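So the structure is just underneath, and the comments pick up after that.
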Amino acid sequence: MWSRFGRGAAPRWRVGLAGASLAASAVGAAAAADEGFRRCLQFWAVVLPIFAHYKFVDRILHPSPSAERTEAFERLHDFYSPIVRSATLRLRGYYLKVAQFLSMRDDYVPPQYLSWAKKLQDEAPVALSAPEAQRCVAAELGLHGLDAAFEDWSTVPIGSASIGQVYLARLRSSGERVAVKVQMPGAEHLFRVDIKTLKLFTSFAFPWAVDHMSELEAMFESEFDYALERENMERVRANVEQRWGKRVAIPKTYPELCSRRVLCMEYLEGEKLVDGILRRVRALASKAGRDPDEVVADHLEKLRTGKLMARSAYAAKWRARAWQVWQRLQGIEDINIPQLMETLMTIHGEQVFTDGLFNADPHPGNVLMLKDAARAVGLIDFGQVKELSIDFRIQLAKLMIALARRDQAEVVRLDKEMGNRTRNSKSDVRYRVLSFWLDRDTDDVTQGQSFHDFLAWAEAEDPLVDMRQELHLVMRCSCMIRNLALTFGIRLSTAEYWRPLAQALLQKHSITY
């Protein structure tokens, strides 16, 4: 129903509400006996007034598209963004996850929210002090003191996420540098409370997202078990090293120094992917005599407003080759972004179809640009790894090939064969939704609508009734990698890259399709 407001209208109030859902921690009684119950009370005490404010502007004050409406929403964003930021940093937990997801693309949220939400990809606030973290590690591993196993423990974490923090140390036995991830006490309980609260809010504010929330809730069952994450990391590492060992690194783990809440792994020295790209852009700007900050801000603004049309990976690849020649002549270090994006897309496609074991959370903070020249990319954080049955992989392979062929009838048929159901069984709507999540988000799919407008339209036209969890997670993986590429102006088609892998799987099992 929001399509009547035109492109970009729905995100203003919907994103405001999404931001409002993170603002609960600004209020509430600190003396409440149960932390989870207190957080729930805080949420509703803050979110309802904000929800009412956005609804008032949307439905009563400015119900039709106009300059006044746009200005009114801008004022709301200006006013509530600092509140949301403060609330998110204080609450942490699942609210950090929501902020991270909303900042995956520059057109998901307004600049007021995007400016701080992006930083949470790898700069979450610190909840444990170094001494507290050391005591947690020692207790979890049954050590009389941390010195029994580690030395040179960093005083500040090298990474901080929604449920844990990572510290740099050395193994006393070998002198190897390691990264030690420690889970914050009580994190699992608070996450569960937050998810239930947000699911209730989502049920009336974002009905199209309810199923996604439920699937994420199920997926987080494994994220709190670092022992399981260690096992999954080693399995994925063994698979990836067979094909990409010389170019891609995944940390090895130290089983004797791991538990359900502590994960000790090899330290990969490098920088976050986005940081490496921004360094590249700033170097080019300085070389050209331009202000680096202005160049970065201008690039992000063009992506957010759609003025910078994303190039295909093929076009970007050839443009990048010419660009690299010029940069080398200028003496500027270069990062081959198109090739890197292709590598990430292929690696995850191999995990899905070849290995049947994939990481469903490949967000930017989990990709490193390594200082090791021999291995360009490092992949970290395997808390959301999913194993896929061969029957599902075969069904998915057919679906991906049909998407690559742009065969609407076959895509819809295969979707139903997998057991997915919508209320009205509208083929055109379902085909567009599947294309959006599993392949591409070009205008022929979204009809020129924004992310929020498109999914709200799809929910109104043909609500989802049932969908396999495995498919949801593959959709999420596909979308996250494409969003990452789009940040740098490169538009990828998942089906284009995964089709050969899907065909190879079918051929391996003597299936003609």
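Each chain of the structure tokens is named A, B, ... in the order shown, its residues numbered from 1; ligands are numbered from 1 in display order.
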
*Exercise: Arg135 in chain A partners within 12 Å, only C-alpha atoms, chain neighbours under 5 positions left out, as a count of residues only*: 16

*Could you find all residues in range 23-89 of chain A that DSSP calls helix (DSSP H, G or I) from the backbone, and write them as number ranges by chain?*
A: 24-26, 35-61, 67-89

List every residue of range 96-193 of chain A that has an atom at most 12 Å from any atom of range 378-389 of chain A, giving for each one its closest atom pair and the distance in Å to one decimal, counting only C-alpha atoms, sorted by chain and then by ascending residue number, as a Markdown table.
```
| residue | atom | partner | partner_atom | distance |
| --- | --- | --- | --- | --- |
| A:Asp122 | CA | A:Asp381 | CA | 11.5 |
| A:Gly159 | CA | A:Asp381 | CA | 11.1 |
| A:Ser160 | CA | A:Asp381 | CA | 11.8 |
| A:Ala161 | CA | A:Asp381 | CA | 10.2 |
| A:Ser162 | CA | A:Gly383 | CA | 11.9 |
| A:Ile163 | CA | A:Gly383 | CA | 10.9 |
| A:Gly164 | CA | A:Asp381 | CA | 11.2 |
| A:Gln165 | CA | A:Asp381 | CA | 11.7 |
| A:Val166 | CA | A:Asp381 | CA | 10.9 |
| A:Ala179 | CA | A:Ile380 | CA | 10.8 |
| A:Val180 | CA | A:Asp381 | CA | 11.9 |
| A:Lys181 | CA | A:Asp381 | CA | 9.9 |
| A:Gln183 | CA | A:Gly383 | CA | 12.0 |
```

*Do a neighbour search on Arg170 in chain A at 12 Å with only C-alpha atoms, toss out local chain neighbours closer than 5 positions, and write the hits as an MDAnalysis selection string.*
chainID A and resid 146:154 175:180 264:267

Go ahead and write the residues just picked, N, CA and C atoms, as a short mmCIF file (atom, residue, chain, number, x, y, z; two decimals), in the first residue's frame.
```cif
data_model
loop_
_atom_site.label_atom_id
_atom_site.label_comp_id
_atom_site.auth_asym_id
_atom_site.auth_seq_id
_atom_site.Cartn_x
_atom_site.Cartn_y
_atom_site.Cartn_z
N LEU A 146 45.30 -16.76 33.75
CA LEU A 146 45.44 -16.65 32.31
C LEU A 146 46.89 -16.89 31.87
N ASP A 147 47.84 -16.59 32.77
CA ASP A 147 49.25 -16.75 32.43
C ASP A 147 49.63 -18.20 32.17
N ALA A 148 48.78 -19.12 32.58
CA ALA A 148 49.08 -20.54 32.36
C ALA A 148 49.07 -20.89 30.89
N ALA A 149 48.34 -20.12 30.08
CA ALA A 149 48.23 -20.44 28.65
C ALA A 149 48.58 -19.27 27.74
N PHE A 150 48.40 -18.03 28.22
CA PHE A 150 48.58 -16.87 27.36
C PHE A 150 49.57 -15.87 27.94
N GLU A 151 50.10 -15.05 27.05
CA GLU A 151 50.92 -13.90 27.46
C GLU A 151 50.66 -12.76 26.49
N ASP A 152 51.08 -11.57 26.87
CA ASP A 152 50.89 -10.36 26.05
C ASP A 152 49.42 -10.15 25.69
N TRP A 153 48.54 -10.34 26.64
CA TRP A 153 47.11 -10.14 26.42
C TRP A 153 46.83 -8.66 26.19
N SER A 154 46.14 -8.32 25.10
CA SER A 154 45.88 -6.91 24.78
C SER A 154 44.96 -6.28 25.81
N GLY A 175 54.45 -19.13 21.40
CA GLY A 175 54.68 -17.75 21.02
C GLY A 175 53.82 -17.29 19.85
N GLU A 176 52.94 -18.15 19.35
CA GLU A 176 52.06 -17.79 18.23
C GLU A 176 51.06 -16.71 18.65
N ARG A 177 50.80 -15.80 17.74
CA ARG A 177 49.79 -14.77 18.01
C ARG A 177 48.41 -15.37 17.74
N VAL A 178 47.51 -15.16 18.66
CA VAL A 178 46.16 -15.72 18.54
C VAL A 178 45.12 -14.64 18.84
N ALA A 179 43.93 -14.86 18.30
CA ALA A 179 42.77 -14.03 18.59
C ALA A 179 41.85 -14.86 19.48
N VAL A 180 41.46 -14.30 20.61
CA VAL A 180 40.63 -15.03 21.57
C VAL A 180 39.28 -14.33 21.68
N CYS A 264 39.55 -19.76 20.66
CA CYS A 264 40.94 -19.34 20.42
C CYS A 264 41.34 -19.76 19.01
N MET A 265 41.78 -18.79 18.23
CA MET A 265 42.09 -19.06 16.82
C MET A 265 43.32 -18.29 16.36
N GLU A 266 43.84 -18.69 15.24
CA GLU A 266 44.97 -18.01 14.60
C GLU A 266 44.62 -16.55 14.35
N TYR A 267 45.59 -15.67 14.57
CA TYR A 267 45.38 -14.25 14.31
C TYR A 267 45.77 -13.93 12.87
#
```

*Tell me which of A:Ser222, A:Thr155, A:Asn366, A:Gln112 sits closest to Phe79 in chain A, counting only C-alpha atoms.*
A:Gln112

*asked:* For Val248 in chain A, find every residue with an atom within 12 Å (counting only C-alpha atoms), except residues of its own chain fewer than 2 positions away, and show them as a ChimeraX atom specification.
replied: /A:236-246,250-251,268,340,343-344,347,367-370,372-380

*Using only C-alpha atoms, determine which residues lie at most 12 Å from Glu342 in chain A, disregarding the query and same-chain residues fewer than 3 positions distant; provide the list as a list in words.*
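Answer for this query is Ser312, Ala313, Tyr314, Ala316, Lys317, Asn336, Ile337, Pro338, Gln339, Met345, Thr346, Ile347, His348, Gly349, Ile481, Arg482, Leu484, Ala485, Ile490, Arg491, Leu492, Ser493, Thr494, Glu496, Tyr497 and Trp498 of chain A.
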
Please, could you write that set of residues out with N, CA and C atoms as a PDB file, in the first residue's frame?
```pdb
ATOM      1  N   SER A 312      27.944  -3.871 -14.064  1.00  0.00           N
ATOM      2  CA  SER A 312      27.974  -5.323 -13.937  1.00  0.00           C
ATOM      3  C   SER A 312      29.392  -5.733 -13.573  1.00  0.00           C
ATOM      4  N   ALA A 313      29.548  -6.942 -13.016  1.00  0.00           N
ATOM      5  CA  ALA A 313      30.874  -7.416 -12.643  1.00  0.00           C
ATOM      6  C   ALA A 313      31.766  -7.521 -13.879  1.00  0.00           C
ATOM      7  N   TYR A 314      31.175  -7.915 -15.005  1.00  0.00           N
ATOM      8  CA  TYR A 314      31.957  -8.061 -16.243  1.00  0.00           C
ATOM      9  C   TYR A 314      32.522  -6.705 -16.687  1.00  0.00           C
ATOM     10  N   ALA A 316      32.834  -4.029 -14.845  1.00  0.00           N
ATOM     11  CA  ALA A 316      33.727  -3.503 -13.814  1.00  0.00           C
ATOM     12  C   ALA A 316      35.097  -4.156 -13.886  1.00  0.00           C
ATOM     13  N   LYS A 317      35.126  -5.428 -14.262  1.00  0.00           N
ATOM     14  CA  LYS A 317      36.397  -6.153 -14.342  1.00  0.00           C
ATOM     15  C   LYS A 317      37.328  -5.518 -15.375  1.00  0.00           C
ATOM     16  N   ASN A 336      41.960  -4.865  -6.316  1.00  0.00           N
ATOM     17  CA  ASN A 336      41.098  -5.229  -7.430  1.00  0.00           C
ATOM     18  C   ASN A 336      39.719  -5.602  -6.884  1.00  0.00           C
ATOM     19  N   ILE A 337      38.863  -4.600  -6.748  1.00  0.00           N
ATOM     20  CA  ILE A 337      37.554  -4.806  -6.115  1.00  0.00           C
ATOM     21  C   ILE A 337      36.687  -5.782  -6.910  1.00  0.00           C
ATOM     22  N   PRO A 338      36.541  -5.634  -8.231  1.00  0.00           N
ATOM     23  CA  PRO A 338      35.701  -6.586  -8.967  1.00  0.00           C
ATOM     24  C   PRO A 338      36.154  -8.033  -8.801  1.00  0.00           C
ATOM     25  N   GLN A 339      37.457  -8.266  -8.869  1.00  0.00           N
ATOM     26  CA  GLN A 339      37.962  -9.626  -8.713  1.00  0.00           C
ATOM     27  C   GLN A 339      37.686 -10.153  -7.312  1.00  0.00           C
ATOM     28  N   MET A 345      31.809 -14.246  -4.159  1.00  0.00           N
ATOM     29  CA  MET A 345      30.597 -14.848  -4.692  1.00  0.00           C
ATOM     30  C   MET A 345      30.833 -16.317  -5.047  1.00  0.00           C
ATOM     31  N   THR A 346      31.967 -16.611  -5.662  1.00  0.00           N
ATOM     32  CA  THR A 346      32.278 -17.989  -6.059  1.00  0.00           C
ATOM     33  C   THR A 346      32.521 -18.881  -4.858  1.00  0.00           C
ATOM     34  N   ILE A 347      33.257 -18.378  -3.869  1.00  0.00           N
ATOM     35  CA  ILE A 347      33.553 -19.168  -2.673  1.00  0.00           C
ATOM     36  C   ILE A 347      32.266 -19.595  -1.979  1.00  0.00           C
ATOM     37  N   HIS A 348      31.336 -18.672  -1.831  1.00  0.00           N
ATOM     38  CA  HIS A 348      30.102 -19.009  -1.124  1.00  0.00           C
ATOM     39  C   HIS A 348      29.193 -19.893  -1.975  1.00  0.00           C
ATOM     40  N   GLY A 349      29.267 -19.743  -3.293  1.00  0.00           N
ATOM     41  CA  GLY A 349      28.534 -20.655  -4.156  1.00  0.00           C
ATOM     42  C   GLY A 349      29.064 -22.075  -4.045  1.00  0.00           C
ATOM     43  N   ILE A 481      26.139 -10.679  -0.035  1.00  0.00           N
ATOM     44  CA  ILE A 481      27.308 -10.534  -0.902  1.00  0.00           C
ATOM     45  C   ILE A 481      27.028  -9.497  -1.995  1.00  0.00           C
ATOM     46  N   ARG A 482      25.826  -9.551  -2.569  1.00  0.00           N
ATOM     47  CA  ARG A 482      25.475  -8.568  -3.599  1.00  0.00           C
ATOM     48  C   ARG A 482      25.422  -7.160  -3.023  1.00  0.00           C
ATOM     49  N   LEU A 484      27.205  -6.054  -0.555  1.00  0.00           N
ATOM     50  CA  LEU A 484      28.586  -5.632  -0.363  1.00  0.00           C
ATOM     51  C   LEU A 484      29.183  -5.123  -1.667  1.00  0.00           C
ATOM     52  N   ALA A 485      28.951  -5.842  -2.752  1.00  0.00           N
ATOM     53  CA  ALA A 485      29.467  -5.414  -4.056  1.00  0.00           C
ATOM     54  C   ALA A 485      28.837  -4.097  -4.496  1.00  0.00           C
ATOM     55  N   ILE A 490      29.223  -2.065  -7.906  1.00  0.00           N
ATOM     56  CA  ILE A 490      29.262  -3.249  -8.753  1.00  0.00           C
ATOM     57  C   ILE A 490      27.992  -4.059  -8.521  1.00  0.00           C
ATOM     58  N   ARG A 491      27.236  -4.320  -9.569  1.00  0.00           N
ATOM     59  CA  ARG A 491      26.006  -5.096  -9.445  1.00  0.00           C
ATOM     60  C   ARG A 491      26.271  -6.529  -9.912  1.00  0.00           C
ATOM     61  N   LEU A 492      26.083  -7.473  -9.004  1.00  0.00           N
ATOM     62  CA  LEU A 492      26.305  -8.883  -9.308  1.00  0.00           C
ATOM     63  C   LEU A 492      24.981  -9.618  -9.496  1.00  0.00           C
ATOM     64  N   SER A 493      25.013 -10.637 -10.327  1.00  0.00           N
ATOM     65  CA  SER A 493      23.899 -11.570 -10.457  1.00  0.00           C
ATOM     66  C   SER A 493      24.351 -12.878  -9.833  1.00  0.00           C
ATOM     67  N   THR A 494      23.699 -13.269  -8.751  1.00  0.00           N
ATOM     68  CA  THR A 494      24.079 -14.510  -8.088  1.00  0.00           C
ATOM     69  C   THR A 494      23.947 -15.695  -9.032  1.00  0.00           C
ATOM     70  N   GLU A 496      24.243 -15.820 -12.176  1.00  0.00           N
ATOM     71  CA  GLU A 496      25.309 -15.812 -13.180  1.00  0.00           C
ATOM     72  C   GLU A 496      26.540 -16.552 -12.676  1.00  0.00           C
ATOM     73  N   TYR A 497      26.865 -16.367 -11.395  1.00  0.00           N
ATOM     74  CA  TYR A 497      28.065 -16.977 -10.826  1.00  0.00           C
ATOM     75  C   TYR A 497      27.815 -18.376 -10.296  1.00  0.00           C
ATOM     76  N   TRP A 498      26.629 -18.644  -9.812  1.00  0.00           N
ATOM     77  CA  TRP A 498      26.356 -19.942  -9.211  1.00  0.00           C
ATOM     78  C   TRP A 498      25.827 -20.973 -10.203  1.00  0.00           C
TER      79      TRP A 498
END
```
